[in-house]
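Q: What follows is the file run_37.cif, containing mmCIF, C-alpha atoms:
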```
data_start
#
loop_
_atom_site.label_atom_id
_atom_site.label_comp_id
_atom_site.auth_asym_id
_atom_site.auth_seq_id
_atom_site.Cartn_x
_atom_site.Cartn_y
_atom_site.Cartn_z
CA MET A 1 -25.54 16.94 -19.72
CA THR A 2 -26.92 13.59 -20.83
CA LYS A 3 -25.50 10.32 -19.49
CA LYS A 4 -24.93 8.56 -22.77
CA ASN A 5 -23.16 5.37 -23.62
CA PHE A 6 -20.65 5.98 -26.38
CA THR A 7 -20.34 2.45 -27.67
CA ASN A 8 -18.91 3.55 -31.02
CA ALA A 9 -16.52 5.99 -29.44
CA GLU A 10 -13.67 7.51 -31.43
CA LYS A 11 -10.27 5.88 -31.19
CA GLY A 12 -7.84 7.97 -29.18
CA TRP A 13 -4.13 7.90 -28.37
CA GLU A 14 -2.56 4.54 -27.58
CA ARG A 15 -1.50 3.98 -23.98
CA GLY A 16 2.17 4.43 -24.88
CA VAL A 17 1.40 7.85 -26.36
CA ILE A 18 -0.44 8.95 -23.21
CA ALA A 19 2.46 7.62 -21.11
CA SER A 20 5.01 9.58 -23.16
CA LYS A 21 2.99 12.80 -22.73
CA ILE A 22 3.06 12.33 -18.96
CA ALA A 23 6.76 11.43 -19.07
CA ASN A 24 7.45 14.73 -20.89
CA ASP A 25 5.70 16.67 -18.10
CA LEU A 26 7.80 15.18 -15.29
CA PRO A 27 10.73 17.56 -14.66
CA HIS A 28 14.32 16.41 -14.21
CA ALA A 29 15.13 15.24 -10.65
CA SER A 30 11.49 14.68 -9.68
CA TYR A 31 10.53 12.12 -7.06
CA VAL A 32 7.61 10.22 -8.58
CA ASN A 33 5.17 7.52 -7.50
CA LEU A 34 3.49 5.60 -10.34
CA GLY A 35 0.27 3.74 -9.56
CA ILE A 36 -0.25 0.09 -10.38
CA GLY A 37 -1.35 -0.70 -13.92
CA MET A 38 -1.37 1.81 -16.78
CA PRO A 39 0.69 4.50 -14.94
CA GLU A 40 3.62 2.06 -14.70
CA LEU A 41 4.13 2.60 -18.48
CA VAL A 42 5.31 6.17 -17.84
CA SER A 43 8.76 5.02 -16.71
CA GLN A 44 9.42 3.50 -20.14
CA HIS A 45 9.05 6.90 -21.83
CA ILE A 46 11.42 9.11 -19.84
CA LYS A 47 13.88 10.84 -22.17
CA ASP A 48 17.64 10.84 -21.63
CA ASP A 49 17.65 14.56 -20.77
CA ARG A 50 16.35 13.85 -17.26
CA GLU A 51 16.64 11.53 -14.28
CA ILE A 52 13.51 10.58 -12.34
CA ILE A 53 13.54 8.77 -8.99
CA TYR A 54 10.71 6.32 -8.44
CA HIS A 55 9.14 5.69 -5.06
CA SER A 56 7.23 2.55 -4.15
CA GLU A 57 4.97 2.68 -1.07
CA ASN A 58 6.42 -0.47 0.47
CA GLY A 59 9.67 1.26 1.43
CA LEU A 60 11.67 1.54 -1.77
CA LEU A 61 13.12 4.77 -3.16
CA GLY A 62 15.06 4.42 -6.39
CA MET A 63 13.03 1.58 -7.87
CA GLY A 64 14.35 0.02 -11.07
CA PRO A 65 12.75 -2.09 -13.79
CA THR A 66 11.48 -5.67 -13.63
CA PRO A 67 14.31 -8.17 -13.04
CA ASN A 68 15.32 -11.03 -15.32
CA GLU A 69 13.74 -14.31 -14.27
CA ASN A 70 16.95 -15.59 -12.68
CA GLU A 71 17.27 -12.39 -10.60
CA ILE A 72 13.78 -12.47 -9.03
CA ASP A 73 13.83 -11.94 -5.26
CA PHE A 74 10.46 -12.10 -3.48
CA ASP A 75 11.90 -9.81 -0.80
CA LEU A 76 12.33 -7.06 -3.41
CA ILE A 77 8.88 -6.17 -4.69
CA ASN A 78 6.84 -3.09 -5.59
CA ALA A 79 3.51 -1.84 -4.23
CA GLY A 80 1.75 -4.19 -6.66
CA LYS A 81 3.71 -7.03 -5.01
CA LYS A 82 5.58 -7.76 -8.23
CA PRO A 83 9.37 -8.37 -8.24
CA VAL A 84 11.39 -5.26 -9.12
CA THR A 85 14.99 -4.04 -8.84
CA ILE A 86 16.71 -1.22 -6.98
CA LEU A 87 18.97 1.20 -8.83
CA PRO A 88 22.34 2.52 -7.61
CA GLY A 89 21.59 5.34 -5.17
CA GLY A 90 18.35 3.69 -4.09
CA SER A 91 17.39 2.98 -0.50
CA PHE A 92 15.02 0.97 1.68
CA CYS A 93 12.99 2.30 4.60
CA HIS A 94 10.17 1.12 6.82
CA HIS A 95 6.52 1.80 6.06
CA ALA A 96 6.04 4.84 8.31
CA ASP A 97 9.06 6.57 6.72
CA SER A 98 7.88 5.57 3.26
CA PHE A 99 4.48 7.12 3.88
CA SER A 100 6.08 10.18 5.47
CA MET A 101 7.61 10.74 2.04
CA ILE A 102 4.04 10.78 0.69
CA ARG A 103 2.07 12.39 3.54
CA GLY A 104 4.82 14.87 4.35
CA GLY A 105 4.64 16.32 0.84
CA HIS A 106 8.01 15.06 -0.39
CA ILE A 107 6.74 13.18 -3.46
CA ASP A 108 6.62 15.65 -6.36
CA TYR A 109 4.24 13.75 -8.63
CA CYS A 110 2.00 10.74 -8.41
CA VAL A 111 0.25 9.24 -11.41
CA LEU A 112 -2.87 7.22 -10.70
CA GLY A 113 -5.70 5.53 -12.55
CA ALA A 114 -9.30 6.68 -12.14
CA MET A 115 -12.87 5.48 -12.25
CA GLU A 116 -14.21 9.05 -12.04
CA VAL A 117 -12.73 12.55 -11.84
CA SER A 118 -15.01 15.48 -11.10
CA MET A 119 -14.81 19.13 -12.19
CA ASN A 120 -13.49 20.21 -8.79
CA GLY A 121 -10.75 17.55 -8.80
CA ASP A 122 -12.44 14.88 -6.72
CA LEU A 123 -11.08 11.44 -7.51
CA ALA A 124 -12.81 8.06 -7.21
CA ASN A 125 -10.47 5.17 -7.93
CA TRP A 126 -10.60 2.68 -5.06
CA SER A 127 -14.07 1.22 -4.81
CA THR A 128 -16.98 0.36 -7.04
CA GLY A 129 -19.00 -0.11 -3.86
CA LYS A 130 -19.01 -3.87 -4.48
CA GLY A 131 -16.81 -6.70 -3.19
CA ILE A 132 -14.20 -6.44 -0.45
CA PRO A 133 -13.29 -2.78 0.14
CA ALA A 134 -9.52 -2.32 -0.30
CA VAL A 135 -7.82 1.07 -0.41
CA GLY A 136 -4.06 0.49 -0.18
CA GLY A 137 -2.06 3.74 -0.38
CA ALA A 138 -4.30 5.65 -2.81
CA MET A 139 -5.84 7.99 -0.22
CA ASP A 140 -2.41 8.85 1.19
CA LEU A 141 -1.00 9.57 -2.26
CA VAL A 142 -3.75 11.95 -3.33
CA ALA A 143 -3.71 13.75 0.02
CA GLY A 144 0.08 14.06 0.21
CA ALA A 145 1.74 14.23 -3.21
CA LYS A 146 2.50 17.75 -4.48
CA ASN A 147 0.91 17.05 -7.88
CA VAL A 148 -1.68 14.37 -8.60
CA PHE A 149 -1.88 13.31 -12.25
CA VAL A 150 -4.56 10.94 -13.47
CA MET A 151 -3.93 8.61 -16.40
CA THR A 152 -7.05 6.95 -17.76
CA GLN A 153 -9.19 6.13 -20.75
CA HIS A 154 -11.66 8.95 -21.38
CA LEU A 155 -14.60 6.53 -21.29
CA THR A 156 -15.32 3.42 -19.23
CA LYS A 157 -15.43 0.00 -20.88
CA GLU A 158 -19.19 0.49 -21.09
CA GLY A 159 -18.68 3.79 -22.90
CA LYS A 160 -19.57 6.13 -20.02
CA PRO A 161 -17.70 9.39 -19.38
CA LYS A 162 -15.14 9.22 -16.57
CA LEU A 163 -14.88 13.02 -16.38
CA VAL A 164 -18.02 14.06 -14.56
CA GLU A 165 -19.63 17.02 -12.83
CA LYS A 166 -19.82 15.12 -9.57
CA CYS A 167 -18.45 11.68 -8.66
CA THR A 168 -21.02 9.01 -7.87
CA LEU A 169 -18.52 6.40 -6.61
CA PRO A 170 -16.86 6.54 -3.15
CA LEU A 171 -14.14 9.21 -3.16
CA THR A 172 -10.41 8.60 -2.79
CA GLY A 173 -9.84 12.29 -2.15
CA SER A 174 -11.64 15.59 -2.51
CA GLY A 175 -10.27 18.36 -4.74
CA VAL A 176 -6.95 16.57 -5.19
CA VAL A 177 -6.42 16.05 -8.95
CA SER A 178 -4.41 18.67 -10.83
CA ARG A 179 -4.29 17.20 -14.36
CA VAL A 180 -5.92 14.36 -16.30
CA TYR A 181 -4.33 12.53 -19.24
CA THR A 182 -6.78 10.52 -21.34
CA ASP A 183 -6.72 8.97 -24.79
CA TYR A 184 -8.71 12.00 -25.99
CA ALA A 185 -7.08 14.96 -24.25
CA ILE A 186 -4.90 16.45 -21.56
CA ILE A 187 -7.13 18.40 -19.20
CA ASP A 188 -6.38 20.67 -16.26
CA ILE A 189 -8.78 20.93 -13.34
CA THR A 190 -9.66 24.61 -12.90
CA LYS A 191 -12.32 26.65 -11.13
CA GLU A 192 -14.02 27.21 -14.49
CA GLY A 193 -14.18 23.52 -15.43
CA PHE A 194 -12.16 21.07 -17.47
CA LYS A 195 -9.53 23.17 -19.27
CA ILE A 196 -8.14 21.59 -22.45
CA VAL A 197 -4.34 21.66 -22.50
CA GLU A 198 -4.08 19.44 -25.57
CA ILE A 199 -6.71 17.64 -27.60
CA ASN A 200 -6.22 14.51 -29.70
CA GLU A 201 -5.43 15.69 -33.24
CA ASN A 202 -8.31 13.65 -34.70
CA LEU A 203 -11.01 15.03 -32.39
CA SER A 204 -12.99 18.24 -32.19
CA ILE A 205 -13.77 20.19 -29.03
CA GLU A 206 -17.44 19.57 -29.76
CA TYR A 207 -16.85 15.83 -29.72
CA LEU A 208 -14.82 16.08 -26.51
CA GLN A 209 -17.71 17.95 -24.92
CA THR A 210 -20.19 15.22 -25.87
CA VAL A 211 -18.07 12.53 -24.17
CA THR A 212 -17.43 14.64 -21.06
CA GLU A 213 -19.93 15.50 -18.33
CA GLY A 214 -19.30 19.05 -17.29
CA ARG A 215 -17.96 22.02 -19.19
CA VAL A 216 -14.78 21.67 -21.23
CA TYR A 217 -13.10 24.80 -22.53
CA GLN A 218 -9.90 25.93 -24.17
CA MET B 1 23.93 -13.68 33.81
CA GLN B 2 23.57 -12.60 30.18
CA ILE B 3 20.50 -11.28 28.44
CA ASN B 4 19.36 -13.89 25.96
CA LYS B 5 16.06 -13.52 24.07
CA ILE B 6 16.70 -16.51 21.81
CA LYS B 7 14.22 -19.39 22.01
CA LYS B 8 14.60 -22.86 20.54
CA GLU B 9 10.95 -23.77 19.95
CA ILE B 10 8.14 -21.86 18.23
CA ALA B 11 5.80 -22.95 21.06
CA GLU B 12 8.01 -21.03 23.52
CA MET B 13 7.78 -17.96 21.30
CA LEU B 14 3.97 -18.02 21.46
CA SER B 15 3.53 -19.23 25.04
CA ASP B 16 1.83 -16.03 26.27
CA VAL B 17 -0.66 -15.68 23.40
CA PHE B 18 -4.28 -15.82 24.58
CA ASP B 19 -7.78 -16.03 23.08
CA GLY B 20 -9.03 -12.61 21.99
CA ALA B 21 -5.52 -11.15 21.61
CA THR B 22 -4.72 -8.37 19.14
CA ILE B 23 -1.81 -9.48 16.98
CA MET B 24 0.16 -7.48 14.45
CA VAL B 25 1.54 -9.48 11.55
CA GLY B 26 4.48 -7.96 9.69
CA GLY B 27 5.04 -8.10 5.98
CA PHE B 28 3.72 -6.54 2.81
CA GLY B 29 2.18 -9.35 0.82
CA GLU B 30 4.68 -12.12 1.26
CA ALA B 31 7.79 -9.97 1.73
CA GLY B 32 8.59 -10.04 5.45
CA SER B 33 5.63 -12.24 6.34
CA PRO B 34 6.44 -14.48 9.35
CA ILE B 35 5.01 -17.69 7.93
CA GLU B 36 6.57 -20.11 10.44
CA LEU B 37 5.31 -18.05 13.42
CA LEU B 38 1.84 -17.92 11.84
CA HIS B 39 1.87 -21.70 11.47
CA GLY B 40 2.95 -21.87 15.11
CA LEU B 41 -0.09 -19.77 15.99
CA ILE B 42 -2.31 -22.29 14.20
CA ASP B 43 -0.71 -25.07 16.26
CA HIS B 44 -1.17 -22.94 19.41
CA GLY B 45 -4.87 -22.68 18.65
CA ALA B 46 -5.68 -19.19 20.08
CA LYS B 47 -9.10 -17.98 18.91
CA ASP B 48 -11.07 -14.74 18.43
CA LEU B 49 -7.92 -12.94 17.35
CA THR B 50 -7.83 -9.43 15.91
CA ILE B 51 -5.14 -9.26 13.22
CA ILE B 52 -3.48 -5.99 12.20
CA ALA B 53 -1.61 -6.38 8.91
CA ASN B 54 -1.41 -4.74 5.50
CA ASN B 55 -3.06 -7.67 3.74
CA SER B 56 -5.20 -10.67 4.55
CA GLY B 57 -3.14 -13.60 3.33
CA ASN B 58 -2.80 -15.77 0.26
CA GLY B 59 -3.69 -19.40 -0.31
CA ARG B 60 -3.70 -21.65 2.75
CA VAL B 61 -0.20 -20.71 3.89
CA GLY B 62 0.75 -18.28 6.68
CA LEU B 63 -1.90 -15.63 7.38
CA GLY B 64 -4.22 -17.16 4.76
CA ALA B 65 -4.04 -20.46 6.65
CA LEU B 66 -4.65 -18.83 10.06
CA ILE B 67 -7.77 -17.10 8.73
CA GLY B 68 -8.88 -20.35 7.09
CA GLN B 69 -8.72 -22.04 10.52
CA LYS B 70 -11.32 -19.50 11.76
CA GLN B 71 -9.03 -18.26 14.53
CA VAL B 72 -9.49 -14.64 13.44
CA LYS B 73 -12.60 -12.58 14.20
CA LYS B 74 -11.40 -9.27 12.78
CA VAL B 75 -8.81 -8.00 10.33
CA ILE B 76 -7.57 -4.41 10.32
CA CYS B 77 -5.76 -3.80 7.04
CA SER B 78 -5.39 -1.56 3.99
CA PHE B 79 -5.85 -4.12 1.23
CA ALA B 80 -7.79 -7.32 1.92
CA ARG B 81 -8.18 -8.21 -1.73
CA SER B 82 -5.85 -10.48 -3.67
CA ALA B 83 -6.19 -13.01 -6.46
CA LYS B 84 -4.98 -15.79 -4.15
CA GLY B 85 -6.74 -14.49 -1.02
CA ILE B 86 -9.20 -17.36 -0.85
CA THR B 87 -9.75 -17.81 2.89
CA PHE B 88 -10.53 -14.19 3.79
CA GLN B 89 -12.79 -13.80 0.75
CA GLU B 90 -14.77 -16.90 1.72
CA LEU B 91 -15.34 -15.85 5.35
CA TYR B 92 -16.02 -12.22 4.40
CA ASN B 93 -18.68 -13.25 1.89
CA LYS B 94 -20.34 -15.37 4.58
CA GLY B 95 -20.19 -12.50 7.08
CA GLU B 96 -17.98 -14.55 9.40
CA ILE B 97 -15.07 -12.11 9.65
CA GLU B 98 -14.99 -8.38 10.37
CA LEU B 99 -12.91 -5.95 8.32
CA GLU B 100 -11.68 -2.47 9.21
CA VAL B 101 -10.22 -0.79 6.11
CA VAL B 102 -7.46 1.71 6.87
CA PRO B 103 -5.48 3.72 4.29
CA GLN B 104 -1.99 2.25 4.15
CA GLY B 105 -0.17 5.35 5.36
CA THR B 106 -2.68 5.91 8.14
CA LEU B 107 -2.21 2.27 9.13
CA ALA B 108 1.56 2.72 9.29
CA GLU B 109 1.25 5.99 11.22
CA ARG B 110 -1.29 4.57 13.70
CA ILE B 111 1.17 1.75 14.39
CA ARG B 112 4.14 4.13 14.66
CA ALA B 113 2.12 6.39 16.97
CA ALA B 114 1.28 3.47 19.27
CA GLY B 115 4.96 2.59 19.54
CA SER B 116 5.86 6.19 20.34
CA GLY B 117 3.27 6.92 23.03
CA ILE B 118 1.12 9.12 20.79
CA PRO B 119 -2.58 8.27 21.38
CA ALA B 120 -3.93 9.99 18.26
CA PHE B 121 -2.97 12.38 15.46
CA TYR B 122 -4.55 14.46 12.72
CA THR B 123 -4.07 13.60 9.06
CA ALA B 124 -5.31 14.86 5.69
CA THR B 125 -5.53 11.33 4.32
CA ALA B 126 -9.13 10.17 3.71
CA VAL B 127 -10.69 13.61 4.33
CA GLY B 128 -13.93 13.82 2.33
CA THR B 129 -14.08 10.05 1.77
CA PRO B 130 -16.25 7.29 3.28
CA LEU B 131 -13.33 6.34 5.57
CA ALA B 132 -13.61 9.71 7.36
CA ILE B 133 -17.19 9.12 8.49
CA GLY B 134 -17.55 9.39 12.25
CA LYS B 135 -14.07 10.84 12.75
CA GLU B 136 -13.40 14.18 14.42
CA GLU B 137 -12.43 16.94 11.96
CA LYS B 138 -10.24 19.92 12.65
CA ILE B 139 -8.91 22.74 10.49
CA PHE B 140 -5.24 23.76 10.70
CA ASN B 141 -4.03 26.66 8.55
CA GLY B 142 -7.21 26.51 6.49
CA LYS B 143 -6.91 22.82 5.66
CA LYS B 144 -9.16 20.03 6.94
CA TYR B 145 -7.78 17.04 8.85
CA ILE B 146 -9.30 14.03 10.62
CA LEU B 147 -8.33 12.47 13.93
CA GLU B 148 -6.92 8.94 13.81
CA GLU B 149 -6.13 6.88 16.89
CA ALA B 150 -3.03 4.80 17.62
CA LEU B 151 -3.18 1.04 17.02
CA ASN B 152 -1.78 -0.95 19.92
CA ALA B 153 -1.30 -4.70 19.98
CA ASP B 154 -0.60 -7.45 22.47
CA PHE B 155 1.81 -9.25 20.17
CA ALA B 156 3.62 -8.70 16.88
CA LEU B 157 4.76 -11.59 14.70
CA ILE B 158 7.76 -10.39 12.73
CA LYS B 159 10.24 -11.70 10.20
CA ALA B 160 13.70 -10.15 10.22
CA ASP B 161 16.89 -11.12 8.46
CA VAL B 162 19.60 -11.09 11.13
CA SER B 163 19.63 -10.67 14.92
CA ASP B 164 21.92 -11.10 17.89
CA ARG B 165 20.74 -12.33 21.30
CA TYR B 166 19.71 -8.78 22.29
CA GLY B 167 17.29 -8.53 19.37
CA ASN B 168 19.19 -5.96 17.33
CA LEU B 169 17.50 -6.53 14.00
CA THR B 170 18.28 -5.96 10.37
CA PHE B 171 15.83 -6.67 7.56
CA LYS B 172 16.20 -7.68 3.94
CA LYS B 173 15.30 -5.24 1.16
CA THR B 174 11.55 -4.48 0.97
CA ALA B 175 10.85 -7.22 3.54
CA ARG B 176 11.42 -4.42 6.10
CA ASN B 177 8.05 -2.68 5.49
CA PHE B 178 5.79 -2.73 8.60
CA ASN B 179 8.12 -4.92 10.67
CA PRO B 180 10.17 -2.26 12.55
CA ILE B 181 7.14 -0.16 13.55
CA MET B 182 5.15 -3.21 14.63
CA CYS B 183 8.07 -4.22 16.91
CA MET B 184 7.60 -0.82 18.59
CA ALA B 185 3.82 -0.98 18.88
CA ALA B 186 3.27 -4.43 20.40
CA LYS B 187 3.66 -5.34 24.07
CA GLN B 188 5.56 -8.44 22.94
CA SER B 189 7.31 -8.56 19.60
CA LEU B 190 8.16 -12.11 18.56
CA ILE B 191 10.78 -12.34 15.83
CA GLN B 192 11.78 -15.08 13.44
CA VAL B 193 15.19 -14.42 11.89
CA ARG B 194 17.03 -16.09 9.07
CA LYS B 195 20.36 -15.87 10.87
CA LEU B 196 21.60 -15.38 14.42
CA ILE B 197 24.95 -13.73 15.00
CA GLU B 198 27.11 -12.90 18.04
CA PRO B 199 26.72 -9.40 19.50
CA HIS B 200 30.29 -8.44 18.52
CA GLN B 201 29.35 -9.21 14.90
CA THR B 202 26.48 -6.69 14.97
CA ASN B 203 27.46 -3.39 13.37
CA PRO B 204 25.71 -0.77 15.55
CA GLU B 205 25.56 1.61 12.58
CA ASN B 206 23.39 -0.86 10.65
CA VAL B 207 20.86 -1.86 13.31
CA ILE B 208 17.34 -1.04 12.08
CA THR B 209 15.37 -2.15 15.13
CA PRO B 210 17.26 -1.86 18.45
CA GLY B 211 16.77 -4.74 20.87
CA ILE B 212 14.66 -2.72 23.33
CA PHE B 213 11.72 -3.28 20.95
CA VAL B 214 12.21 -7.06 20.83
CA LYS B 215 10.92 -9.69 23.28
CA LYS B 216 11.76 -13.13 21.84
CA ILE B 217 13.77 -14.40 18.86
CA ILE B 218 13.95 -17.71 17.03
CA GLU B 219 16.17 -18.75 14.15
CA ILE B 220 14.34 -20.10 11.08
CA ASP B 221 17.22 -20.38 8.65
CA ASN B 222 15.35 -21.43 5.52
CA PRO B 223 11.91 -19.80 5.75
CA ILE B 224 9.00 -20.78 3.51
CA ILE B 225 8.62 -18.57 0.40
CA GLU B 226 4.88 -18.02 0.04
CA THR B 227 4.72 -17.86 -3.76
CA ASN B 228 6.63 -21.13 -4.11
CA ALA B 229 4.66 -22.84 -1.32
CA ILE B 230 1.33 -21.95 -2.94
CA GLU B 231 2.58 -23.06 -6.37
CA GLU B 232 3.62 -26.38 -4.81
CA GLY B 233 0.13 -26.78 -3.38
CA MET B 234 1.09 -26.36 0.29
CA ILE B 235 -1.85 -26.34 2.70
CA TYR B 236 -1.28 -25.74 6.43
CA PRO B 237 -1.91 -27.53 8.72
#
```
Before anything else, please render the file you have as structure tokens.

A:
Amino acid sequence: MTKKNFTNAEKGWERGVIASKIANDLPHASYVNLGIGMPELVSQHIKDDREIIYHSENGLLGMGPTPNENEIDFDLINAGKKPVTILPGGSFCHHADSFSMIRGGHIDYCVLGAMEVSMNGDLANWSTGKGIPAVGGAMDLVAGAKNVFVMTQHLTKEGKPKLVEKCTLPLTGSGVVSRVYTDYAIIDITKEGFKIVEINENLSIEYLQTVTEGRVYQ
Amino acid sequence: MQINKIKKEIAEMLSDVFDGATIMVGGFGEAGSPIELLHGLIDHGAKDLTIIANNSGNGRVGLGALIGQKQVKKVICSFARSAKGITFQELYNKGEIELEVVPQGTLAERIRAAGSGIPAFYTATAVGTPLAIGKEEKIFNGKKYILEEALNADFALIKADVSDRYGNLTFKKTARNFNPIMCMAAKQSLIQVRKLIEPHQTNPENVITPGIFVKKIIEIDNPIIETNAIEEGMIYP
């Protein structure tokens, strides 16, 4: 597989569309942790037929949306250190209990961003190898959550494939990703390679293969 | 004679701190960060400190200020990067401060373990990553784990919401975070609280950290809010 730069890459689904596809795959009554950044959009697309409970690593279960400006409390923040709210039925706990929810396998789904995902489900999303190394809770989430979903653009800003045969960046976890949602496709990690669950209606499998390192199949 | 852990002066709170001490600092970002005690530590002047915290401070307030004063030789934390984290970034780039990166849940569990008399434990977190290098591996039920050791400390600087003179603590919202487990892990946990109450006013059902884990308490009724202090241009000292 050639390492090309796809500078004139095809336009894929908008972020909101990817978020709504993930939202549709989260079952009613799931306990979910959404990573900082793009994954946070998922909560805006949950349909009325289900209730999802959001966990934030810093000891908050039952996290609600961003507060109005006059309701901001810097003692009520999320894992990204941004002010949030707590919903009725929510609770606070200390950090060891909060991470027991993750490491003890109680979180049903986590949705995280990615720099690279490999064919065997390795994830690299915490370090480019440059600057101050900072990991936060990412390694705990991928090791502990029952299902690890990745939400990402299919290509990097430079036009390089993020789905690769083998990660080159420092790993967050090994063999941990179950499903990847990109602007081009929804892909399951299987023993046979990247299995297409759904492909963007404007793209061909041949095109998807050219922008993916490693075998894609349907 | 009655037990009374309440102190009047921050200097009394920090009177046993020594050069080279390992100090846990509670808080997650600014929520639950004991800014007044950290400023007291700057005034105290102890050097060569090892700091255990989730982050590495913002601006020149609280932990950011302590690091800026070059009183810290090493930081053990999960996330030492932040847009406003100027002092750590500067010293790190110059190679003047050490950093041990620990996954956040492993950090919490290493602290909890220390407070519970558990010297080490196995975890799946970080298996197969650069943070597992040099750590003992063991397989349980077909799955690989690494050995992580407890993190003990000489002191913990903690912000709580309410306490009585025994040190029965409650915390506010997500300002709880690392604070209760750090109280358990340090030889001396030093607590700043927003409000002191009488023991009969403490509801035993609501106590988060029982007084056995608390050494000294001081009331700081209107603590500095980091975001506002940085916006206002505060620089300590």

Q: Using all atoms listed in the file, which residue out of B:Gly64, B:Pro199, B:Gly85, B:Pro210 lies closest to Phe171 of chain B?

A: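 Closest to Phe171 of chain B, using all atoms listed in the file: B:Pro210.
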
Q: Each residue of chain B lying at most 8 Å from chain A should get a row with its shortest atom-to-atom pair and the distance in Å to one decimal, counting all atoms listed in the file; could you produce that, ordered by chain and increasing number, as JSON lines?

A:
```
{"residue": "B:Phe28", "atom": "CA", "partner": "A:Asn58", "partner_atom": "CA", "distance": 7.0}
{"residue": "B:Gly29", "atom": "CA", "partner": "A:Lys81", "partner_atom": "CA", "distance": 6.5}
{"residue": "B:Glu30", "atom": "CA", "partner": "A:Phe74", "partner_atom": "CA", "distance": 7.5}
{"residue": "B:Ala31", "atom": "CA", "partner": "A:Asp75", "partner_atom": "CA", "distance": 4.8}
{"residue": "B:Gly32", "atom": "CA", "partner": "A:Asp75", "partner_atom": "CA", "distance": 7.1}
{"residue": "B:Ser78", "atom": "CA", "partner": "A:Gly136", "partner_atom": "CA", "distance": 4.8}
{"residue": "B:Phe79", "atom": "CA", "partner": "A:Ala134", "partner_atom": "CA", "distance": 4.4}
{"residue": "B:Ala80", "atom": "CA", "partner": "A:Ala134", "partner_atom": "CA", "distance": 5.7}
{"residue": "B:Arg81", "atom": "CA", "partner": "A:Ala134", "partner_atom": "CA", "distance": 6.2}
{"residue": "B:Gln89", "atom": "CA", "partner": "A:Ile132", "partner_atom": "CA", "distance": 7.6}
{"residue": "B:Tyr92", "atom": "CA", "partner": "A:Ile132", "partner_atom": "CA", "distance": 7.8}
{"residue": "B:Val101", "atom": "CA", "partner": "A:Ala134", "partner_atom": "CA", "distance": 6.6}
{"residue": "B:Val102", "atom": "CA", "partner": "A:Val135", "partner_atom": "CA", "distance": 7.3}
{"residue": "B:Pro103", "atom": "CA", "partner": "A:Gly136", "partner_atom": "CA", "distance": 5.7}
{"residue": "B:Gln104", "atom": "CA", "partner": "A:Gly137", "partner_atom": "CA", "distance": 4.8}
{"residue": "B:Gly105", "atom": "CA", "partner": "A:Phe99", "partner_atom": "CA", "distance": 5.2}
{"residue": "B:Thr106", "atom": "CA", "partner": "A:Asp140", "partner_atom": "CA", "distance": 7.6}
{"residue": "B:Ala108", "atom": "CA", "partner": "A:Ala96", "partner_atom": "CA", "distance": 5.1}
{"residue": "B:Glu109", "atom": "CA", "partner": "A:Ala96", "partner_atom": "CA", "distance": 5.7}
{"residue": "B:Arg112", "atom": "CA", "partner": "A:Ala96", "partner_atom": "CA", "distance": 6.7}
{"residue": "B:Ala124", "atom": "CA", "partner": "A:Ala143", "partner_atom": "CA", "distance": 6.0}
{"residue": "B:Thr125", "atom": "CA", "partner": "A:Asp140", "partner_atom": "CA", "distance": 5.1}
{"residue": "B:Ala126", "atom": "CA", "partner": "A:Met139", "partner_atom": "CA", "distance": 5.6}
{"residue": "B:Val127", "atom": "CA", "partner": "A:Gly173", "partner_atom": "CA", "distance": 6.7}
{"residue": "B:Gly128", "atom": "CA", "partner": "A:Ser174", "partner_atom": "CA", "distance": 5.6}
{"residue": "B:Thr129", "atom": "CA", "partner": "A:Leu171", "partner_atom": "CA", "distance": 5.0}
{"residue": "B:Pro130", "atom": "CA", "partner": "A:Pro170", "partner_atom": "CA", "distance": 6.5}
{"residue": "B:Lys172", "atom": "CA", "partner": "A:Asp75", "partner_atom": "CA", "distance": 6.7}
{"residue": "B:Lys173", "atom": "CA", "partner": "A:Leu76", "partner_atom": "CA", "distance": 5.7}
{"residue": "B:Thr174", "atom": "CA", "partner": "A:Leu76", "partner_atom": "CA", "distance": 5.1}
{"residue": "B:Ala175", "atom": "CA", "partner": "A:Asp75", "partner_atom": "CA", "distance": 5.2}
{"residue": "B:Arg176", "atom": "CA", "partner": "A:His94", "partner_atom": "CA", "distance": 5.7}
{"residue": "B:Asn177", "atom": "CA", "partner": "A:His94", "partner_atom": "CA", "distance": 4.6}
{"residue": "B:Phe178", "atom": "CA", "partner": "A:His95", "partner_atom": "CA", "distance": 5.2}
{"residue": "B:Asn179", "atom": "CA", "partner": "A:His94", "partner_atom": "CA", "distance": 7.5}
{"residue": "B:Pro180", "atom": "CA", "partner": "A:His94", "partner_atom": "CA", "distance": 6.7}
{"residue": "B:Ile181", "atom": "CA", "partner": "A:Ala96", "partner_atom": "CA", "distance": 7.3}
{"residue": "B:Ile225", "atom": "CA", "partner": "A:Phe74", "partner_atom": "CA", "distance": 7.8}
```

Q: If I take atom CA of Cys183 of chain B and atom CA of Leu157 of chain B, how far is one from the other in Å, to one decimal?

A: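 For atom CA of Cys183 of chain B relative to atom CA of Leu157 of chain B, the distance reads 8.4 Å.
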
Q: The PyMOL selection byres ((chain A and resi 14) around 12) - which residues does that actually catch in the file I just gave you? List them as a ChimeraX atom specification.

A: /A:11-13,15-21,38,41,151-154,181-185,200

Q: Suppose a student applies the PyMOL selection byres ((chain B and resi 160-170) around 6) to this structure; what residues should they get, written as number ranges by chain?

A: B: 4-6, 159, 171-172, 193-199, 207-211, 214
